[in-house]
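Have a look at run06.txt below; it lists compact mmCIF, C-alpha atoms.
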# COMPACT_ATOMS: atom_id res chain seq x y z
CA MET A 1 -20.11 -7.34 -11.92
CA GLU A 2 -20.43 -3.57 -12.16
CA ALA A 3 -22.50 -3.40 -8.96
CA THR A 4 -20.06 -5.62 -7.03
CA LEU A 5 -17.18 -3.51 -8.27
CA LEU A 6 -18.92 -0.34 -7.12
CA VAL A 7 -19.62 -1.81 -3.67
CA LEU A 8 -16.01 -2.99 -3.27
CA ALA A 9 -14.67 0.36 -4.50
CA GLY A 10 -16.93 2.25 -2.10
CA PHE A 11 -15.84 0.19 0.89
CA ALA A 12 -12.17 0.47 -0.18
CA VAL A 13 -12.44 4.28 -0.15
CA LEU A 14 -14.26 4.21 3.20
CA PHE A 15 -11.58 2.03 4.81
CA ALA A 16 -8.84 4.21 3.29
CA LEU A 17 -10.56 7.22 4.88
CA GLY A 18 -10.56 5.23 8.12
CA VAL A 19 -6.75 5.05 7.92
CA LEU A 20 -6.65 8.82 7.55
CA LEU A 21 -9.17 9.72 10.25
CA THR A 22 -8.54 7.23 13.03
CA LYS A 23 -6.43 8.44 15.94
CA ASP A 24 -4.89 5.09 16.86
CA ASN A 25 -2.20 3.53 14.68
CA PHE A 26 -3.41 0.05 15.58
CA TYR A 27 -6.82 0.68 14.03
CA ALA A 28 -5.15 2.43 11.10
CA VAL A 29 -3.32 -0.83 10.29
CA VAL A 30 -6.55 -2.80 10.57
CA PHE A 31 -8.25 -0.38 8.15
CA MET A 32 -5.26 -0.57 5.81
CA SER A 33 -5.41 -4.38 5.80
CA ALA A 34 -9.14 -4.24 5.05
CA THR A 35 -8.44 -1.87 2.12
CA MET A 36 -5.84 -4.27 0.76
CA VAL A 37 -8.28 -7.19 1.04
CA LEU A 38 -10.85 -5.17 -0.93
CA ILE A 39 -8.25 -4.27 -3.57
CA ALA A 40 -7.43 -7.99 -3.83
CA GLY A 41 -11.19 -8.58 -4.13
CA ILE A 42 -11.34 -6.21 -7.10
CA TYR A 43 -8.58 -8.28 -8.73
CA ALA A 44 -10.63 -11.42 -8.06
CA ILE A 45 -13.66 -9.85 -9.79
CA PHE A 46 -11.55 -9.49 -12.92
CA GLN A 47 -10.65 -13.21 -12.73
CA LEU A 48 -7.10 -12.46 -11.58
CA GLN A 49 -7.13 -14.75 -8.57
CA MET A 50 -3.38 -15.36 -8.57
CA VAL A 51 -2.54 -11.69 -8.11
CA SER A 52 -5.35 -11.42 -5.58
CA ILE A 53 -3.91 -14.27 -3.49
CA LEU A 54 -0.41 -12.78 -3.72
CA ILE A 55 -1.66 -9.41 -2.47
CA ILE A 56 -3.56 -11.01 0.42
CA PHE A 57 -0.71 -13.34 1.43
CA ILE A 58 2.07 -10.75 1.21
CA PHE A 59 0.39 -7.42 2.03
CA VAL A 60 -2.14 -8.62 4.58
CA GLY A 61 -0.60 -11.86 5.81
CA ALA A 62 3.04 -10.82 6.05
CA ILE A 63 3.59 -7.06 5.88
CA GLY A 64 0.20 -6.27 7.43
CA MET A 65 0.80 -8.51 10.43
CA VAL A 66 4.31 -7.11 10.99
CA THR A 67 2.84 -3.59 10.86
CA VAL A 68 0.15 -4.62 13.37
CA VAL A 69 2.90 -5.80 15.71
CA LEU A 70 4.82 -2.54 15.14
CA ALA A 71 1.73 -0.43 15.80
CA ALA A 72 0.99 -2.40 18.96
CA THR A 73 4.62 -2.19 20.14
CA TYR A 74 5.07 1.53 19.51
CA ARG A 75 1.64 2.40 20.86
CA ARG A 76 1.34 5.92 22.23
CA GLU A 77 -1.34 8.40 23.17
CA PRO A 78 -3.89 8.41 20.29
CA GLU A 79 -3.72 11.71 18.48
CA ARG A 80 -5.52 13.12 15.48
CA GLN A 81 -3.11 12.94 12.51
CA PHE A 82 -5.01 14.92 9.92
CA SER A 83 -3.94 18.17 8.32
CA PRO A 84 -6.94 20.24 7.10
CA TYR A 85 -4.72 22.56 5.02
CA TRP A 86 -3.33 19.67 3.02
CA ALA A 87 -6.82 18.19 2.78
CA VAL A 88 -8.02 21.24 0.78
CA PHE A 89 -5.22 20.77 -1.79
CA THR A 90 -5.87 17.03 -1.92
CA VAL A 91 -9.60 17.42 -2.53
CA VAL A 92 -9.00 19.96 -5.33
CA THR A 93 -6.41 17.66 -6.95
CA ALA A 94 -8.70 14.63 -6.62
CA PHE A 95 -11.61 16.50 -8.17
CA LEU A 96 -9.59 17.81 -11.14
CA ALA A 97 -7.86 14.50 -11.85
CA ALA A 98 -11.06 12.46 -11.48
CA TYR A 99 -12.89 14.86 -13.80
CA TYR A 100 -10.12 14.51 -16.41
CA LEU A 101 -10.07 10.70 -16.13
CA LEU A 102 -13.86 10.37 -16.34
CA MET A 103 -14.05 12.68 -19.36
CA ARG A 104 -11.44 10.63 -21.23
CA SER A 105 -13.82 7.64 -21.30
CA VAL A 106 -11.13 4.98 -20.92
CA PRO A 107 -12.57 1.54 -21.76
CA LEU A 108 -12.81 -0.69 -18.72
CA GLY A 109 -10.55 -3.66 -19.31
CA THR A 110 -11.32 -7.15 -18.15
CA ALA A 111 -9.13 -10.19 -18.03
CA ARG A 112 -12.05 -12.53 -18.54
CA GLY A 113 -11.20 -15.35 -20.90
CA PHE A 114 -7.52 -15.51 -20.06
CA GLU A 115 -6.17 -18.67 -18.57
CA LEU A 116 -3.22 -18.68 -16.28
CA VAL A 117 -0.56 -21.08 -17.52
CA LEU A 118 2.41 -21.68 -15.25
CA THR A 119 5.17 -21.36 -17.84
CA SER A 120 8.80 -21.95 -16.92
CA ASP A 121 9.44 -18.19 -17.20
CA LEU A 122 6.70 -17.48 -14.66
CA VAL A 123 7.98 -20.13 -12.25
CA LEU A 124 11.52 -18.70 -12.61
CA LEU A 125 10.22 -15.18 -11.95
CA ILE A 126 8.32 -16.23 -8.84
CA THR A 127 11.28 -18.26 -7.56
CA SER A 128 13.68 -15.35 -8.03
CA MET A 129 11.28 -12.97 -6.31
CA VAL A 130 10.87 -15.34 -3.34
CA THR A 131 14.67 -15.59 -3.15
CA LEU A 132 14.88 -11.79 -3.22
CA ILE A 133 12.43 -11.42 -0.35
CA ILE A 134 14.31 -14.04 1.74
CA LEU A 135 17.62 -12.25 1.10
CA VAL A 136 16.12 -8.88 2.03
CA ALA A 137 14.54 -10.37 5.15
CA LEU A 138 17.90 -11.83 6.22
CA SER A 139 19.64 -8.50 5.54
CA ALA A 140 16.99 -6.65 7.54
CA LEU A 141 17.39 -9.11 10.42
CA ARG A 142 21.14 -8.61 10.39
CA LEU A 143 20.71 -4.81 10.28
CA THR A 144 18.51 -4.83 13.35
CA GLY A 145 20.84 -7.22 15.17
CA GLY A 146 18.51 -10.20 15.06
CA VAL A 147 21.22 -12.61 13.86
CA SER A 148 24.92 -12.57 14.59
CA SER A 149 27.43 -12.68 11.76
CA MET B 1 -13.45 3.91 -12.88
CA ILE B 2 -10.53 1.81 -11.70
CA TYR B 3 -8.18 4.74 -12.35
CA VAL B 4 -10.43 7.09 -10.39
CA LEU B 5 -10.57 4.64 -7.46
CA ALA B 6 -6.77 4.28 -7.55
CA LEU B 7 -6.39 8.05 -7.66
CA VAL B 8 -8.72 8.59 -4.70
CA ILE B 9 -6.95 5.95 -2.57
CA LEU B 10 -3.55 7.34 -3.60
CA LEU B 11 -4.52 10.89 -2.63
CA ILE B 12 -5.94 9.71 0.72
CA ALA B 13 -2.62 7.91 1.29
CA TYR B 14 -0.68 11.07 0.35
CA LEU B 15 -2.78 13.11 2.76
CA ALA B 16 -2.19 10.53 5.50
CA ALA B 17 1.56 10.65 4.76
CA VAL B 18 1.87 14.45 4.92
CA SER B 19 -0.31 14.59 8.05
CA SER B 20 1.46 11.80 9.88
CA LYS B 21 3.16 12.61 13.16
CA ASP B 22 4.85 9.25 13.68
CA LEU B 23 6.73 6.87 11.43
CA VAL B 24 4.31 3.96 11.91
CA ARG B 25 1.50 6.02 10.36
CA LEU B 26 3.87 6.97 7.54
CA LEU B 27 4.58 3.28 6.90
CA ILE B 28 0.84 2.51 6.86
CA SER B 29 0.20 5.27 4.32
CA LEU B 30 3.01 3.93 2.12
CA GLU B 31 1.36 0.50 2.12
CA LEU B 32 -1.89 2.17 1.10
CA MET B 33 -0.06 3.90 -1.77
CA PHE B 34 1.17 0.54 -3.01
CA GLY B 35 -2.42 -0.70 -2.95
CA ALA B 36 -3.42 2.18 -5.21
CA VAL B 37 -0.55 1.38 -7.56
CA PHE B 38 -1.70 -2.25 -7.82
CA LEU B 39 -5.14 -1.05 -8.86
CA THR B 40 -3.73 0.86 -11.83
CA LEU B 41 -2.30 -2.40 -13.17
CA ILE B 42 -5.73 -3.97 -13.72
CA PRO B 43 -6.47 -2.35 -17.14
CA LEU B 44 -3.09 -3.53 -18.43
CA PHE B 45 -4.24 -7.14 -18.01
CA SER B 46 -6.79 -6.71 -20.79
CA THR B 47 -4.20 -5.69 -23.39
CA ALA B 48 -1.03 -7.56 -22.39
CA PHE B 49 -1.89 -10.28 -19.91
CA GLU B 50 1.51 -11.94 -19.52
CA THR B 51 3.41 -8.66 -19.33
CA ALA B 52 0.94 -7.33 -16.76
CA LEU B 53 1.23 -10.51 -14.70
CA GLY B 54 5.04 -10.23 -14.72
CA ILE B 55 4.88 -6.55 -13.75
CA ALA B 56 2.35 -7.33 -10.99
CA ILE B 57 4.50 -10.09 -9.51
CA ILE B 58 7.65 -7.94 -9.59
CA THR B 59 5.78 -4.94 -8.13
CA ILE B 60 4.25 -6.95 -5.29
CA PHE B 61 7.51 -8.60 -4.26
CA VAL B 62 9.74 -5.53 -4.67
CA SER B 63 7.32 -3.27 -2.78
CA SER B 64 7.09 -5.79 0.04
CA CYS B 65 10.91 -5.88 0.17
CA GLU B 66 10.93 -2.09 0.37
CA LEU B 67 8.43 -2.14 3.23
CA LEU B 68 10.50 -4.77 5.01
CA ILE B 69 13.57 -2.52 4.83
CA LEU B 70 11.49 0.42 6.04
CA ILE B 71 10.31 -1.61 9.03
CA ALA B 72 13.94 -2.48 9.84
CA ALA B 73 14.86 1.22 9.47
CA LEU B 74 12.01 2.16 11.83
CA ILE B 75 13.29 -0.28 14.47
CA LEU B 76 16.83 1.11 14.09
CA PHE B 77 15.49 4.65 14.33
CA ASP B 78 13.74 3.80 17.58
CA LYS B 79 16.93 2.22 18.94
CA GLU B 80 18.83 5.44 18.28
CA LYS B 81 16.27 8.14 19.05
CA LYS B 82 14.07 6.27 21.57
CA ASN B 83 10.94 7.39 19.71
CA VAL B 84 9.31 7.06 16.30
CA LEU B 85 8.13 10.64 15.83
CA VAL B 86 8.45 12.32 12.46
CA ASP B 87 9.75 15.47 14.20
CA SER B 88 12.82 13.52 15.30
CA VAL B 89 13.84 12.80 11.71
CA VAL B 90 16.70 15.03 10.60
CA VAL B 91 18.42 15.16 7.24
CA GLY B 92 22.18 14.75 6.89
CA GLY B 93 24.08 17.46 8.75
CA GLU B 94 20.99 19.07 10.21
CA GLU B 95 21.28 19.75 13.93
CA ARG B 96 18.28 19.36 16.19
This entry written out as structure tokens:
Amino acid sequence: MEATLLVLAGFAVLFALGVLLTKDNFYAVVFMSATMVLIAGIYAIFQLQMVSILIIFIFVGAIGMVTVVLAATYRREPERQFSPYWAVFTVVTAFLAAYYLLMRSVPLGTARGFELVLTSDLVLLITSMVTLIILVALSALRLTGGVSS
Amino acid sequence: MIYVLALVILLIAYLAAVSSKDLVRLLISLELMFGAVFLTLIPLFSTAFETALGIAIITIFVSSCELLILIAALILFDKEKKNVLVDSVVVGGEER
């Protein structure tokens, strides 16, 4: 499990770096979707398949695809979007924070042994969240002039 | 290790956000930030499974709603300014 986690984490960081370093927005979205799939994979390693499926369906299937369409629609001359000055600050912050977190020796939690039971509360929560997303989607459509009032 | 991974992805997303020259790249970096936030939820599952599951579901749906609104805002911005460049964004009252 530890080795798989390390491999997934390594690839997730590599794909996230791909988002940062690629010149074309279209490829940036593809790298972002791959990172989200790997994050969902990490959830699956910890036996949290439901959250993993939600992340893949919503962030890769829905939002990711819409962003792919946006990136393809608003395509322009590929240009390097990387600020080396900010990169120095970011690397220093990452190093200090990672050092602090690794020194704290936080126990690695696992959700192994838990069973997902679809209680009425959970069903209500999911239903209300689906309703919320439909309402927001309708509002967004109306804002952009997709539907007439 | 999960926290470190989340931190690294979050900082890469921050760097992508501050370096971005167009709003599509900014949107992509925001989605990456949400991915990092989801990672930090994993350790909570070992101590309070049901609470963590509730928080995860709410976070996933609410963040996707936020991204949906941002996409709508991006389309509106393009309608008004005829481009999606970050340089074209002005704050209230600022003249360009």
Inset, instruction - Would you kindly identify which residues have an atom no farther than 10 Å from (10.7, 15.1, 9.4), using all atoms listed in the file and the file's own coordinates, and write them out as a PyMOL selection string? - result: chain B and resi 18+20-23+85-91
Legend entry - All residues 8 Å or closer to Ile12 in chain B, all atoms listed in the file, same chain fewer than 5 positions away omitted, as a ChimeraX atom specification: /A:16-17,20,90
Inset, instruction - Work out how far CA of Ala13 in chain B is from CA of Leu30 in chain B, in Å to one decimal. - result: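 These atoms are spaced 6.9 Å apart.
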Legend entry - Nearest residue to Arg25 in chain B from the set A:Thr67, A:Thr119, A:Ser33, A:Thr4 (distances using only C-alpha atoms):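 Going through A:Thr67, A:Thr119, A:Ser33, A:Thr4 one by one, the smallest distance to Arg25 in chain B is for A:Thr67.
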Inset, instruction - Identify which of the residues A:Leu141, A:Ala44, A:Leu122, A:Ala72 lies closest to Asn25 in chain A, counting all atoms listed in the file when measuring atom-to-atom distances. - result: A:Ala72
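Using all atoms listed in the file for every distance, the candidate list A:Thr93, A:Ser83, A:Ser52, A:Thr127 yields A:Ser83 as the residue closest to chain B.
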Inset, instruction - Residues of chain A no more than 8 Å from chain B, counting all atoms listed in the file: send them over as a PyMOL selection string. - result: chain A and resi 9+12-13+16-17+19-20+25+28-29+32+35-36+39+43+51+54-55+58-59+63+67+70-71+74+81-83+86-87+90+94+97-98+101-102+108-111+114+122+125-126+129-130+132-133+136-137+140-141+143-144
Suppose we keep C-alpha atoms; can you now write the selection as a tab-separated table (two decimals), in the coordinates of the input?
chain	number	residue	atom	x	y	z
A	9	ALA	CA	-14.67	0.36	-4.50
A	12	ALA	CA	-12.17	0.47	-0.18
A	13	VAL	CA	-12.44	4.28	-0.15
A	16	ALA	CA	-8.84	4.21	3.29
A	17	LEU	CA	-10.56	7.22	4.88
A	19	VAL	CA	-6.75	5.05	7.92
A	20	LEU	CA	-6.65	8.82	7.55
A	25	ASN	CA	-2.20	3.53	14.68
A	28	ALA	CA	-5.15	2.43	11.10
A	29	VAL	CA	-3.32	-0.83	10.29
A	32	MET	CA	-5.26	-0.57	5.81
A	35	THR	CA	-8.44	-1.87	2.12
A	36	MET	CA	-5.84	-4.27	0.76
A	39	ILE	CA	-8.25	-4.27	-3.57
A	43	TYR	CA	-8.58	-8.28	-8.73
A	51	VAL	CA	-2.54	-11.69	-8.11
A	54	LEU	CA	-0.41	-12.78	-3.72
A	55	ILE	CA	-1.66	-9.41	-2.47
A	58	ILE	CA	2.07	-10.75	1.21
A	59	PHE	CA	0.39	-7.42	2.03
A	63	ILE	CA	3.59	-7.06	5.88
A	67	THR	CA	2.84	-3.59	10.86
A	70	LEU	CA	4.82	-2.54	15.14
A	71	ALA	CA	1.73	-0.43	15.80
A	74	TYR	CA	5.07	1.53	19.51
A	81	GLN	CA	-3.11	12.94	12.51
A	82	PHE	CA	-5.01	14.92	9.92
A	83	SER	CA	-3.94	18.17	8.32
A	86	TRP	CA	-3.33	19.67	3.02
A	87	ALA	CA	-6.82	18.19	2.78
A	90	THR	CA	-5.87	17.03	-1.92
A	94	ALA	CA	-8.70	14.63	-6.62
A	97	ALA	CA	-7.86	14.50	-11.85
A	98	ALA	CA	-11.06	12.46	-11.48
A	101	LEU	CA	-10.07	10.70	-16.13
A	102	LEU	CA	-13.86	10.37	-16.34
A	108	LEU	CA	-12.81	-0.69	-18.72
A	109	GLY	CA	-10.55	-3.66	-19.31
A	110	THR	CA	-11.32	-7.15	-18.15
A	111	ALA	CA	-9.13	-10.19	-18.03
A	114	PHE	CA	-7.52	-15.51	-20.06
A	122	LEU	CA	6.70	-17.48	-14.66
A	125	LEU	CA	10.22	-15.18	-11.95
A	126	ILE	CA	8.32	-16.23	-8.84
A	129	MET	CA	11.28	-12.97	-6.31
A	130	VAL	CA	10.87	-15.34	-3.34
A	132	LEU	CA	14.88	-11.79	-3.22
A	133	ILE	CA	12.43	-11.42	-0.35
A	136	VAL	CA	16.12	-8.88	2.03
A	137	ALA	CA	14.54	-10.37	5.15
A	140	ALA	CA	16.99	-6.65	7.54
A	141	LEU	CA	17.39	-9.11	10.42
A	143	LEU	CA	20.71	-4.81	10.28
A	144	THR	CA	18.51	-4.83	13.35
Take every atom of range 1-10 of chain B listed in the file, pad by 6 Å on each side, and give me the axis-aligned box centre and edge lengths in Å, one decimal, as JSON.
{"center_x": -8.5, "center_y": 5.2, "center_z": -7.7, "size_x": 21.9, "size_y": 18.8, "size_z": 22.3}
Inset, instruction - Take CA of Phe89 in chain A and CA of Ala34 in chain A and report the distance between them in Å, one decimal. - result: 26.2 Å
Inset, instruction - May I ask which of the residues A:Phe15, A:Val7, A:Phe26, A:Phe95 is the closest one to Arg76 in chain A, counting all atoms listed in the file? - result: A:Phe26
Legend entry - CA of Gly64 in chain A to CA of Val30 in chain A, distance in Å rounded to a single decimal: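 Interatomic distance here is 8.2 Å.
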Since fewer atoms than expected are present, regenerate all heavy atoms for range 57-68 of chain A and write them as a CSV table (one decimal), in the coordinates of the input.
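out_37.csv written:
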chain,number,residue,atom,x,y,z
A,57,PHE,N,-1.8,-12.6,0.7
A,57,PHE,CA,-0.7,-13.3,1.4
A,57,PHE,C,0.4,-12.4,1.9
A,57,PHE,O,0.8,-12.4,3.0
A,57,PHE,CB,-0.1,-14.5,0.6
A,57,PHE,CG,-0.9,-15.7,0.7
A,57,PHE,CD1,-2.2,-15.7,1.1
A,57,PHE,CD2,-0.3,-17.0,0.3
A,57,PHE,CE1,-2.9,-16.9,1.2
A,57,PHE,CE2,-1.1,-18.1,0.4
A,57,PHE,CZ,-2.4,-18.1,0.8
A,58,ILE,N,0.9,-11.6,0.9
A,58,ILE,CA,2.1,-10.8,1.2
A,58,ILE,C,1.7,-9.5,2.0
A,58,ILE,O,2.2,-9.2,3.0
A,58,ILE,CB,2.8,-10.4,-0.1
A,58,ILE,CG1,3.4,-11.7,-0.6
A,58,ILE,CG2,4.0,-9.4,0.2
A,58,ILE,CD1,4.2,-11.6,-1.9
A,59,PHE,N,0.7,-8.7,1.4
A,59,PHE,CA,0.4,-7.4,2.0
A,59,PHE,C,-0.5,-7.5,3.3
A,59,PHE,O,-0.5,-6.6,4.1
A,59,PHE,CB,-0.2,-6.5,1.0
A,59,PHE,CG,0.9,-5.8,0.2
A,59,PHE,CD1,1.5,-6.4,-0.8
A,59,PHE,CD2,1.3,-4.5,0.7
A,59,PHE,CE1,2.5,-5.7,-1.5
A,59,PHE,CE2,2.3,-3.9,0.0
A,59,PHE,CZ,3.0,-4.5,-1.1
A,60,VAL,N,-1.3,-8.5,3.4
A,60,VAL,CA,-2.1,-8.6,4.6
A,60,VAL,C,-1.5,-9.6,5.5
A,60,VAL,O,-1.3,-9.4,6.7
A,60,VAL,CB,-3.6,-9.0,4.2
A,60,VAL,CG1,-4.4,-9.1,5.5
A,60,VAL,CG2,-4.2,-8.0,3.2
A,61,GLY,N,-1.1,-10.8,5.0
A,61,GLY,CA,-0.6,-11.9,5.8
A,61,GLY,C,0.8,-11.6,6.4
A,61,GLY,O,1.0,-11.8,7.6
A,62,ALA,N,1.7,-11.0,5.6
A,62,ALA,CA,3.0,-10.8,6.0
A,62,ALA,C,3.3,-9.4,6.5
A,62,ALA,O,3.4,-9.1,7.7
A,62,ALA,CB,4.0,-11.2,5.0
A,63,ILE,N,3.3,-8.5,5.6
A,63,ILE,CA,3.6,-7.1,5.9
A,63,ILE,C,2.5,-6.5,6.8
A,63,ILE,O,2.9,-5.8,7.8
A,63,ILE,CB,3.7,-6.2,4.6
A,63,ILE,CG1,4.7,-6.8,3.6
A,63,ILE,CG2,3.9,-4.8,4.9
A,63,ILE,CD1,6.1,-6.5,4.0
A,64,GLY,N,1.3,-6.8,6.6
A,64,GLY,CA,0.2,-6.3,7.4
A,64,GLY,C,0.4,-6.7,8.9
A,64,GLY,O,0.2,-5.9,9.8
A,65,MET,N,0.7,-8.0,9.1
A,65,MET,CA,0.8,-8.5,10.4
A,65,MET,C,2.0,-7.9,11.1
A,65,MET,O,1.9,-7.6,12.3
A,65,MET,CB,0.9,-10.0,10.4
A,65,MET,CG,-0.3,-10.8,10.2
A,65,MET,SD,-1.6,-10.3,11.4
A,65,MET,CE,-2.8,-9.5,10.4
A,66,VAL,N,3.1,-7.7,10.4
A,66,VAL,CA,4.3,-7.1,11.0
A,66,VAL,C,4.0,-5.7,11.4
A,66,VAL,O,4.4,-5.2,12.5
A,66,VAL,CB,5.5,-7.2,10.0
A,66,VAL,CG1,6.7,-6.4,10.6
A,66,VAL,CG2,5.9,-8.6,9.7
A,67,THR,N,3.2,-5.0,10.5
A,67,THR,CA,2.8,-3.6,10.9
A,67,THR,C,1.9,-3.5,12.1
A,67,THR,O,2.0,-2.6,12.9
A,67,THR,CB,2.2,-2.9,9.6
A,67,THR,OG1,2.9,-3.3,8.5
A,67,THR,CG2,2.2,-1.4,9.8
A,68,VAL,N,1.0,-4.5,12.2
A,68,VAL,CA,0.2,-4.6,13.4
A,68,VAL,C,1.0,-4.7,14.6
A,68,VAL,O,0.8,-4.0,15.6
A,68,VAL,CB,-0.8,-5.8,13.2
A,68,VAL,CG1,-1.5,-6.1,14.6
A,68,VAL,CG2,-1.9,-5.5,12.3
